[in-house]
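Chemist: Structure incoming, see below.
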Amino acid sequence: MALVAGSCKLRGIGAIREGLRLAEMRKLRTTLIERDPELCSVDLLIDHAVRGNGGFALYQGGVGLGKTCVLDAASQIAESRGLTVLRASGRKSERQYAYGLVRQWIESHIGQDFLESSTSPLVVRGASLFGEACESEADLSDFAVLHDLYGLVVRLSRERPIVLVADDLHWADRGSLRFLAYLQPRLCALKAAVVAAVHPDQKTSDQWLLDHVMFDPACQIVRLRPLSVKGTADLLTASIGRAVDEDAASSCQRATGGNPRLLSEVAQEIKDDLAPSDPSSGGALTFGLRALEARIALRLNKLPAECEALAAAVAVLGDDVSLAAAARLADLRPAQAARVVAELQRAHVFDSSTSAAFTHITVRFVHPVVQKAVYEAIGIDTKVALHLSAARQLGSVGANAGLAADHLLRVPAVGDRWAVGLLRLAAEDALHKGEPVCAVKYLERCALESLESDALADTLAELGKTTALVNSGKAVDSLRAALDLVEQPTLRIELASTLGLALNATGRNAAAVAVYRRAIEEVDAGDRDARQRLQAGLFNAAMTDPTMREVAGQLASRWQSEPGECRGIGARLLDGKMAFHAAMTEVCPTAADRAMRCLDDGKLVEQDNDGFAFVDAIWVMLAADRMEVMHTIEHAIAFARQRGSVVGVLTAKLFRALGSLWKGDLNDAEADLVKATEMVDSTQLLIGRPYVAAFLADVLMEQGRLVEASAVLADVPLEAPHSSGAQSYWLLDTAARLALLKGEVDIALRTSLLCGDLSTSHGWLNPAFLGWRSTAAVAMWEMGDFKQARDMAFAELALARQWSAPRALGRALRTAASVHEGTDRLAYLREADVVLRESHARLERAKTLVDLGVALRDGGQNVDARQNLFVGLDLAHSCGALGLAGEADAQLRASGARPRRPLTTGVGALTPSERRSSELAAAGLTNRQIAAQLFVTAKTVEVHLGSSYRKLGVAGREQLGQFFD
């Protein structure tokens, strides 16, 4: 859907303006001058929403350009056409608290009393995110909340088309932005629309999320432009009641930049005789922000002292503040405060729309420019005193701890226990809401307040552990400082484990080893679990560093049978590390059973989902084609989101992507890896950057996007592979395959052999993790070194048979076929097909079938060749492997066949989304239940199932059981 600025295909601008309330027309004469294109775009958006094809419009402009006025007009137009309008506004002082905008929308429709008393699952599960206590919360995941909120929009839109209006979206909280990002692509199937406004120059800590919303293809951005000279003349004429000629209008337009708000202030100054009566004179050039600030100060100076006090209190507390709270801060009695508000409204300092019982009045400035001017005019001593008083006041009345603590962040440290308590409480609340970034901010300030040694040690410990959730590199200093101060043994063990992991994640393995060894020496001999936790960390740091191979080997020999039965977390951590070591160095197929043992009860997921042992156990399971582990990964993502662990979400997404890649779900893999690419830099998880780049490049290569794959690898240069750590092996392995696909055979051979030299010197042999031998064998064959090519292929095949996982074995057999001819070539490919036929490795089987079809055609067996090529083509399409699909298509055409359209029949023809929906339907889930589990709409599920029925040749869901276990 496109919003057409400058024209309106549905109704004329006159008809649109008639839909606006007559009471507002005087105001509209000035605020909506030259805004006809914007009104038309709103009307068109609303018309699409009424027809069930909703959309998202974002009005972008600086202060004073009329964004709020356009939203007011949009609300009136929607209401005049019978739509439900829910309004909300982002607030700078509340943006760190989850779902603030969403709460405003809900409260405006169902009321605060209902929100607090309801027992509905949506309200109960969301209560803690809205700042209410929720003792019944058990397993709240971010996506579950997003989907429930989406479901609420769906239900409301079914009752009556709905418009969500969001002003000042740049101040929106992260949770609300996530919800808008979730809702945005689904609006096209709803009788719902979102109309929002944003300041282009206001950047926040969640700018990446706001950018995601703004630059989504579904978002129509309408940029508000300054008024032209004619528009300036029209506004001044309407405001001062007399005609303004073109020269005067041009002078004012230049002086104010055509800003309607500043032009209105210029007009007011002219009317009040506070500026040159001739707006075309040189005095007009002084109009603008400084003139406005001076006039505000003049207004306040003319008023009683209590007016200045209340204005300062509101400027400190923030817009839309309770009058009762502002009056307490300004030390005014209720009746006195009410009179002062009236004075400030008459002086055009406060907005004149506030009216209600004293305890429910909210006051706001007429414009952010006014608030800024008032705040900057407050003396520094008074400003500090007001912020401290606001913090004490908000903390004492049971307000949100974070809102109170924000005032402490605006002043120097006070070194008081009450400040420490408030900041710690705010950090605790932020963590409970899944906002560790906010918690870190409060704890950093708390460290400045903590004067006593014990309090400082406790604060630094909490700061280090919390920072590690979002930024491994930044956590190191706090953790080191805490370790120097903390004396309690259990806490020291926890801090040493977290510090060792942070050092390892940032590539400082030798320092990590030293931390672990020192901590192991301190552990009580009887505390086996603590010792095992630290031993597992020590083993991890040594094992990932090529220079510590001997140390890792010694530790592995010592602990080979150490864990025994999984009892504590320490035993599970060692099991995960030992499983990875056995898989890599011994190519032992039972390593997957050991990995499963440390994962099967979910305790490791809950206590170490961002740690090394969890990653290693997951990786071993994926390499063994034990795809049941994908459910464990989903659990890990949900749990990491709940506790606010950005590192945990990143890690789980990375390996969910790897599983999707190896299964052949390339689109899903790409989506996860693109997100992981964004997250890896923000967390400073340096050890993860090579993996993310290598896996993403692999996906792009399979999709036939070689130029993009090259660009991804170029962003992570390998200046010294020998000292870059084990993670560099995957970059080299991927770079070698890319060179081979590009026809750079000599580069492919050199790079793959370098990967082999480094990884084997490390003792890592398993081809399921690193397939460098396959690339080297094919490169050698193409360069005419046939004997070495076969020796290399046989070496990989022997290891793959030892490991016995279908994907790795199928690839090794396909490689062996590529360095043979005639019947031997066919025999290897047929064996590969048998091995892969019942496996999850659809992409590898597609490659095998295409190679088999080519081999059969070369042998003159055209009928069998075409059959295999057709199936391979269908599988390649279902995987999203466009490069392979193109190759299969070309081979079919070369054989004289006419390729079918990609969508054919059978389970193999299902897309990943169709297959997931069908599997859940076969298990007995309803469309609504499937939609909730997959986080899509019920209509999307219906479309997927309908397509699945056609491909499988069945009449309905009752017959799906024969295709899915």
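Labels for the structure tokens follow display order: chains A, B, ..., residues from 1 in each chain, ligands from 1.
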Please provide as an NGL selection string all residues within 10 Å of range 744-758 of chain A, with the sequence filter that same-chain residues fewer than 2 positions apart are discarded (counting only C-alpha atoms).

Modeler: :A and (546 or 721-723 or 725-726 or 728-742 or 760-765 or 770-783)

Chemist: Where does range 509-585 of chain A meet range 619-643 of chain A within 9 Å, residue by residue, with the nearest atom pair and distance in Å to one decimal for each, counting only C-alpha atoms, listed by chain and rising number, as CSV?

Modeler:
residue,atom,partner,partner_atom,distance
A:Gly576,CA,A:Val620,CA,8.8
A:Ala579,CA,A:Val620,CA,7.2
A:Phe580,CA,A:Val620,CA,6.0
A:Ala583,CA,A:Val620,CA,6.9
A:Met584,CA,A:Val620,CA,8.8

Chemist: Grab the residues selected above and save them as a PDB file, in the first residue's frame with C-alpha atoms.

Modeler:
ATOM      1  CA  GLY A 576      28.922 -30.307  27.827  1.00  0.00           C
ATOM      2  CA  ALA A 579      31.034 -33.984  24.857  1.00  0.00           C
ATOM      3  CA  PHE A 580      32.404 -31.292  22.544  1.00  0.00           C
ATOM      4  CA  ALA A 583      33.197 -35.102  19.274  1.00  0.00           C
ATOM      5  CA  MET A 584      35.967 -32.900  17.932  1.00  0.00           C
TER       6      MET A 584
END

Chemist: Taking into account only C-alpha atoms, which residue in the set A:Met543, A:Ala193, A:Val707, A:Leu960 is nearest to Ser759 in chain A?

Modeler: A:Met543

Chemist: Here is a test: counting only C-alpha atoms, which residue of A:Gln703, A:Thr84, A:Leu849, A:Ala468 is nearest to Arg830 in chain A?

Modeler: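 Result for the nearest residue to Arg830 in chain A: A:Leu849.
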
Chemist: For Arg807 in chain A, which residue out of A:Asp575, A:Asp785, A:Asp858, A:Glu844 is the nearest one, using only C-alpha atoms?

Modeler: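 Ranked by minimum distance to Arg807 in chain A, first place goes to A:Glu844.
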